[in-house]
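Visitor: My structure is below; once you've seen it, I'll send some questions.
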Amino acid sequence: MVETCRPEDLKQCLTRLKEKKWWKFAGGTDLMIRKRQWSGAQRNFKTPVMLISNLPELRGIEEFEDRFEIKPCTTLSEICDDARIPEYIRTPLFQMASPPIRNVATIGGNVCNAAKVADSIPMIFALDGEVVLKSLEGERQMKATEFITGKYQTLIKDDEVLYKVIIPKYKPDVFKYTKLGSRKGNILSKLSIYGVAEIKDSRISKIKLSIGALNPIPIKSESLENRFVGLNAKEFKAIKEDIVSQYSSLMGAVTDKRSTKEYREGTALKLIKVFLNEIQEKME
Ligand SMILES: Cc1cc2nc3c(=O)[nH]c(=O)nc-3n(C[C@H](O)[C@H](O)[C@H](O)COP(=O)(O)OP(=O)(O)OC[C@H]3O[C@@H](n4cnc5c(N)ncnc54)[C@H](O)[C@@H]3O)c2cc1C
């Protein structure tokens with residue numbers, strides 16, 4: 001039988017994490033799959049399990065002038081149902097899994113699990129989101145693109161919890177999110193494209209773009225995004241194809257049981273063009 005504990009508050013949680021290694025368990029919707037064995041057998045937890053989803057310090061959403069701060073154990077349903085959350089944050093979360101899963105699955109679990117197909121991560125990467133990690137020693141804040149270092153790999157230490165996901169606010173003139181899967185509900189992404197663009201005085205002021213489920217971590221290139229900034233419709237049209245081909249060179253999809261490398265990369269390029277064409281139309 002696996003040892004479990006349910007700390008009463010964050011201080012107790014961090015103190016216990018300092019004493020020994022615990023496997024943090026939020027909604028459990030990733031863990032119960034990753035730790036399954038054969039049908040009917042107990043989950044294969046070799047490390048003691050700490051239940052953290054009840055901790056009040058790890059739940060809730062705060063809105064500031066320039067950002068949202070979402071605590072990690074806030075469920076996907078709670079985020080989607082919160083009237084303050086704009087469509088460009090809600091949409092990818094609302095397309096994850098199914099209502100029963102979204103009622104227990106947390107944003108922190110999706111980020112910390114760092115699966116290649118995790119659907120909140122392309123949105124957080126694109127929007128230049130950050131994470132705050134907390135331990136007894138204090139807090140560490142970093143870009144989400146630095147925090148996630150590979151498939152199922154992050155910079156979190158055993159004595160830390162993810163404490164906040166910080167998502168800057170935008171006023172998108174164009175917002176595009178496409179998730180491709182084999183069916184509509186309860187399906188992991190074969191590919192997802194997330195993009196927002198802001199236009200000011202007929203010039204692009206921001207483009208934020210991320211491509212999920214192709215590479216071990218979502219593709220996000222600040223240098224390519226910056227090449228669009230300040231362009232008018234004519235200038236944008238002139239460099240669009242070149243930038244699309246540079247995104248192509250960042251892609252490293254593999255063929256697996258869900259679909260082929262060629263299908264994934266070809267479709268990703270088409271969807272990036274659809275997003276850029278919408279921006280073009282908006283500016284003309
Ligand atoms: C049927 C089904 C459908 C699904 N569909 C989708 C989908 O469409 N898209 C998608 O992206 N995912 C999907 N998932 C995966 C899963 O539901 C999500 O990734 C979910 O957000 C995980 O959250 P959780 O709270 O259940 O994580 P848990 O399983 O509790 O934890 C996941 C990992 O995160 C760590 N962790 C959790 N919280 C913290 C914290 N605060 N600090 C440090 N570490 C932490 C845990 O230790 C663990 O390693 C699906 C799962 C199922 C079972």
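Chain lettering (A, B, ...) mirrors the order of the structure tokens, residue numbering begins at 1 for each chain separately, and ligand numbering begins at 1 in order of display.
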Any residue with an atom at most 8 Å from ligand 1 counts, using only C-alpha atoms and all ligand atoms. Which are they? Put them as a PyMOL selection string.
Guide: chain A and resi 23-33+52-53+58+71-73+75-76+93+95-98+101-102+104-115+117-121+133+156+160-163+185-189
Visitor: Using only C-alpha atoms, determine which residues lie at most 12 Å from Glu65 in chain A, disregarding the query and same-chain residues fewer than 4 positions distant; provide the list as a short mmCIF file (atom, residue, chain, number, x, y, z; two decimals) with all heavy atoms, in the first residue's frame.
Guide:
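Contents of the output file around.cif:
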```cif
data_model
loop_
_atom_site.label_atom_id
_atom_site.label_comp_id
_atom_site.auth_asym_id
_atom_site.auth_seq_id
_atom_site.Cartn_x
_atom_site.Cartn_y
_atom_site.Cartn_z
N GLU A 69 -3.19 35.67 -12.74
CA GLU A 69 -2.36 34.73 -11.99
C GLU A 69 -3.26 33.57 -11.57
O GLU A 69 -4.22 33.76 -10.82
CB GLU A 69 -1.74 35.40 -10.77
CG GLU A 69 -0.73 36.46 -11.18
CD GLU A 69 0.12 37.00 -10.03
OE1 GLU A 69 -0.08 36.55 -8.86
OE2 GLU A 69 0.98 37.85 -10.29
N ARG A 84 -14.15 36.21 -15.90
CA ARG A 84 -13.04 37.15 -16.17
C ARG A 84 -12.08 36.59 -17.21
O ARG A 84 -11.30 37.32 -17.80
CB ARG A 84 -12.25 37.41 -14.87
CG ARG A 84 -13.06 38.08 -13.79
CD ARG A 84 -12.31 38.04 -12.47
NE ARG A 84 -12.10 36.67 -12.00
CZ ARG A 84 -11.36 36.35 -10.95
NH1 ARG A 84 -10.75 37.28 -10.25
NH2 ARG A 84 -11.22 35.07 -10.59
N ILE A 167 -0.28 34.59 -16.73
CA ILE A 167 -0.56 34.77 -18.17
C ILE A 167 -0.83 36.25 -18.45
O ILE A 167 -1.82 36.81 -17.95
CB ILE A 167 -1.77 33.91 -18.61
CG1 ILE A 167 -1.53 32.44 -18.22
CG2 ILE A 167 -1.99 34.04 -20.12
CD1 ILE A 167 -2.63 31.49 -18.63
N PRO A 168 0.05 36.89 -19.23
CA PRO A 168 -0.18 38.31 -19.54
C PRO A 168 -1.49 38.50 -20.33
O PRO A 168 -1.93 37.59 -21.03
CB PRO A 168 1.02 38.67 -20.44
CG PRO A 168 2.05 37.63 -20.16
CD PRO A 168 1.29 36.38 -19.80
N LYS A 169 -2.05 39.71 -20.19
CA LYS A 169 -3.28 40.00 -20.93
C LYS A 169 -2.97 40.54 -22.32
O LYS A 169 -1.97 41.23 -22.50
CB LYS A 169 -4.08 41.07 -20.18
CG LYS A 169 -4.80 40.56 -18.97
CD LYS A 169 -5.64 41.69 -18.40
CE LYS A 169 -6.44 41.25 -17.23
NZ LYS A 169 -7.10 42.39 -16.57
N TYR A 170 -3.84 40.25 -23.25
CA TYR A 170 -3.73 40.76 -24.62
C TYR A 170 -5.08 41.32 -25.05
O TYR A 170 -6.10 41.05 -24.40
CB TYR A 170 -3.32 39.63 -25.58
CG TYR A 170 -1.89 39.16 -25.34
CD1 TYR A 170 -1.61 38.25 -24.31
CD2 TYR A 170 -0.84 39.66 -26.09
CE1 TYR A 170 -0.31 37.85 -24.05
CE2 TYR A 170 0.47 39.26 -25.84
CZ TYR A 170 0.72 38.36 -24.83
OH TYR A 170 2.01 37.98 -24.57
#
```
Visitor: Nearest residue to Leu136 in chain A out of A:Glu19, A:Glu87, A:Glu225, A:Glu3, using only C-alpha atoms?
Guide: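 Of the candidates, the smallest distance to Leu136 in chain A is held by A:Glu19.
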Visitor: Taking 6 positions as the minimum chain separation for residues in the same chain, which residues sit within 12 Å of Lys282 in chain A when counting only C-alpha atoms? Answer as a PyMOL selection string.
Guide: chain A and resi 172-175+197-204+232-233+236+275-276
Visitor: Choose the residue, out of A:Glu63, A:Pro216, A:Pro7, A:Cys13, that has the smallest atom-to-atom separation from Asp159 in chain A; count only C-alpha atoms.
Guide: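 Ranked by minimum distance to Asp159 in chain A, first place goes to A:Cys13.
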Visitor: What gap, in Å, lies between CA of Lys46 in chain A and CA of Cys5 in chain A?
Guide: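 Interatomic distance here is 14.5 Å.
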Visitor: Please report, as a Markdown table, each residue of range 140-208 of chain A lying at most 9 Å from range 248-259 of chain A, together with the nearest pair of atoms and the separation in Å rounded to one decimal; use only C-alpha atoms, and order rows by chain and ascending residue number.
Guide:
```
| residue | atom | partner | partner_atom | distance |
| --- | --- | --- | --- | --- |
| A:Gly181 | CA | A:Arg258 | CA | 8.4 |
| A:Ser182 | CA | A:Arg258 | CA | 7.8 |
| A:Lys190 | CA | A:Arg258 | CA | 6.7 |
```
Visitor: Could you work out how far CA of Lys171 in chain A lies from CA of Gln280 in chain A, giving the answer in Å with one decimal?
Guide: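 Interatomic distance here is 17.2 Å.
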Visitor: So which one's closest to Pro92 in chain A, A:Thr154, A:Thr145, A:Thr178, A:Thr260? Using only C-alpha atoms, please.
Guide: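 Result for the nearest residue to Pro92 in chain A: A:Thr178.
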Visitor: CA of Lys11 in chain A and CA of Thr74 in chain A are how many Å apart?
Guide: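 Interatomic distance, CA of Lys11 in chain A to CA of Thr74 in chain A: 18.6 Å.
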Visitor: Within range 216-261 of chain A, find each residue whose DSSP state, derived from the backbone, is alpha helix (DSSP H), and express the selection as a list in words.
Guide: Glu222, Ser223, Leu224, Glu225, Asn226, Arg227, Phe228, Ala233, Lys234, Glu235, Phe236, Lys237, Ala238, Ile239, Lys240, Glu241, Asp242, Ile243, Val244, Ser245, Gln246, Tyr247, Ser248, Ser249, Leu250 and Lys261 of chain A
Visitor: Once DSSP has gone over the backbone, tell me which residues of range 186-245 of chain A are in strand (DSSP E), as a PyMOL selection string.
Guide: chain A and resi 191-200+203-212
Visitor: Asn44 in chain A: which residues within 8 Å, counting only C-alpha atoms, same-chain residues fewer than 3 positions away excluded, as a list in words?
Guide: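 Once the adjacent positions are removed, what remains is Lys35, Arg36 and Gln37 of chain A.
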Visitor: Quick one: residues within 10 Å of Glu146 in chain A, only C-alpha atoms counted, chain neighbours fewer than 2 positions away excluded, as a PyMOL selection string?
Guide: chain A and resi 125+130-131+142-144+148-150+154-155
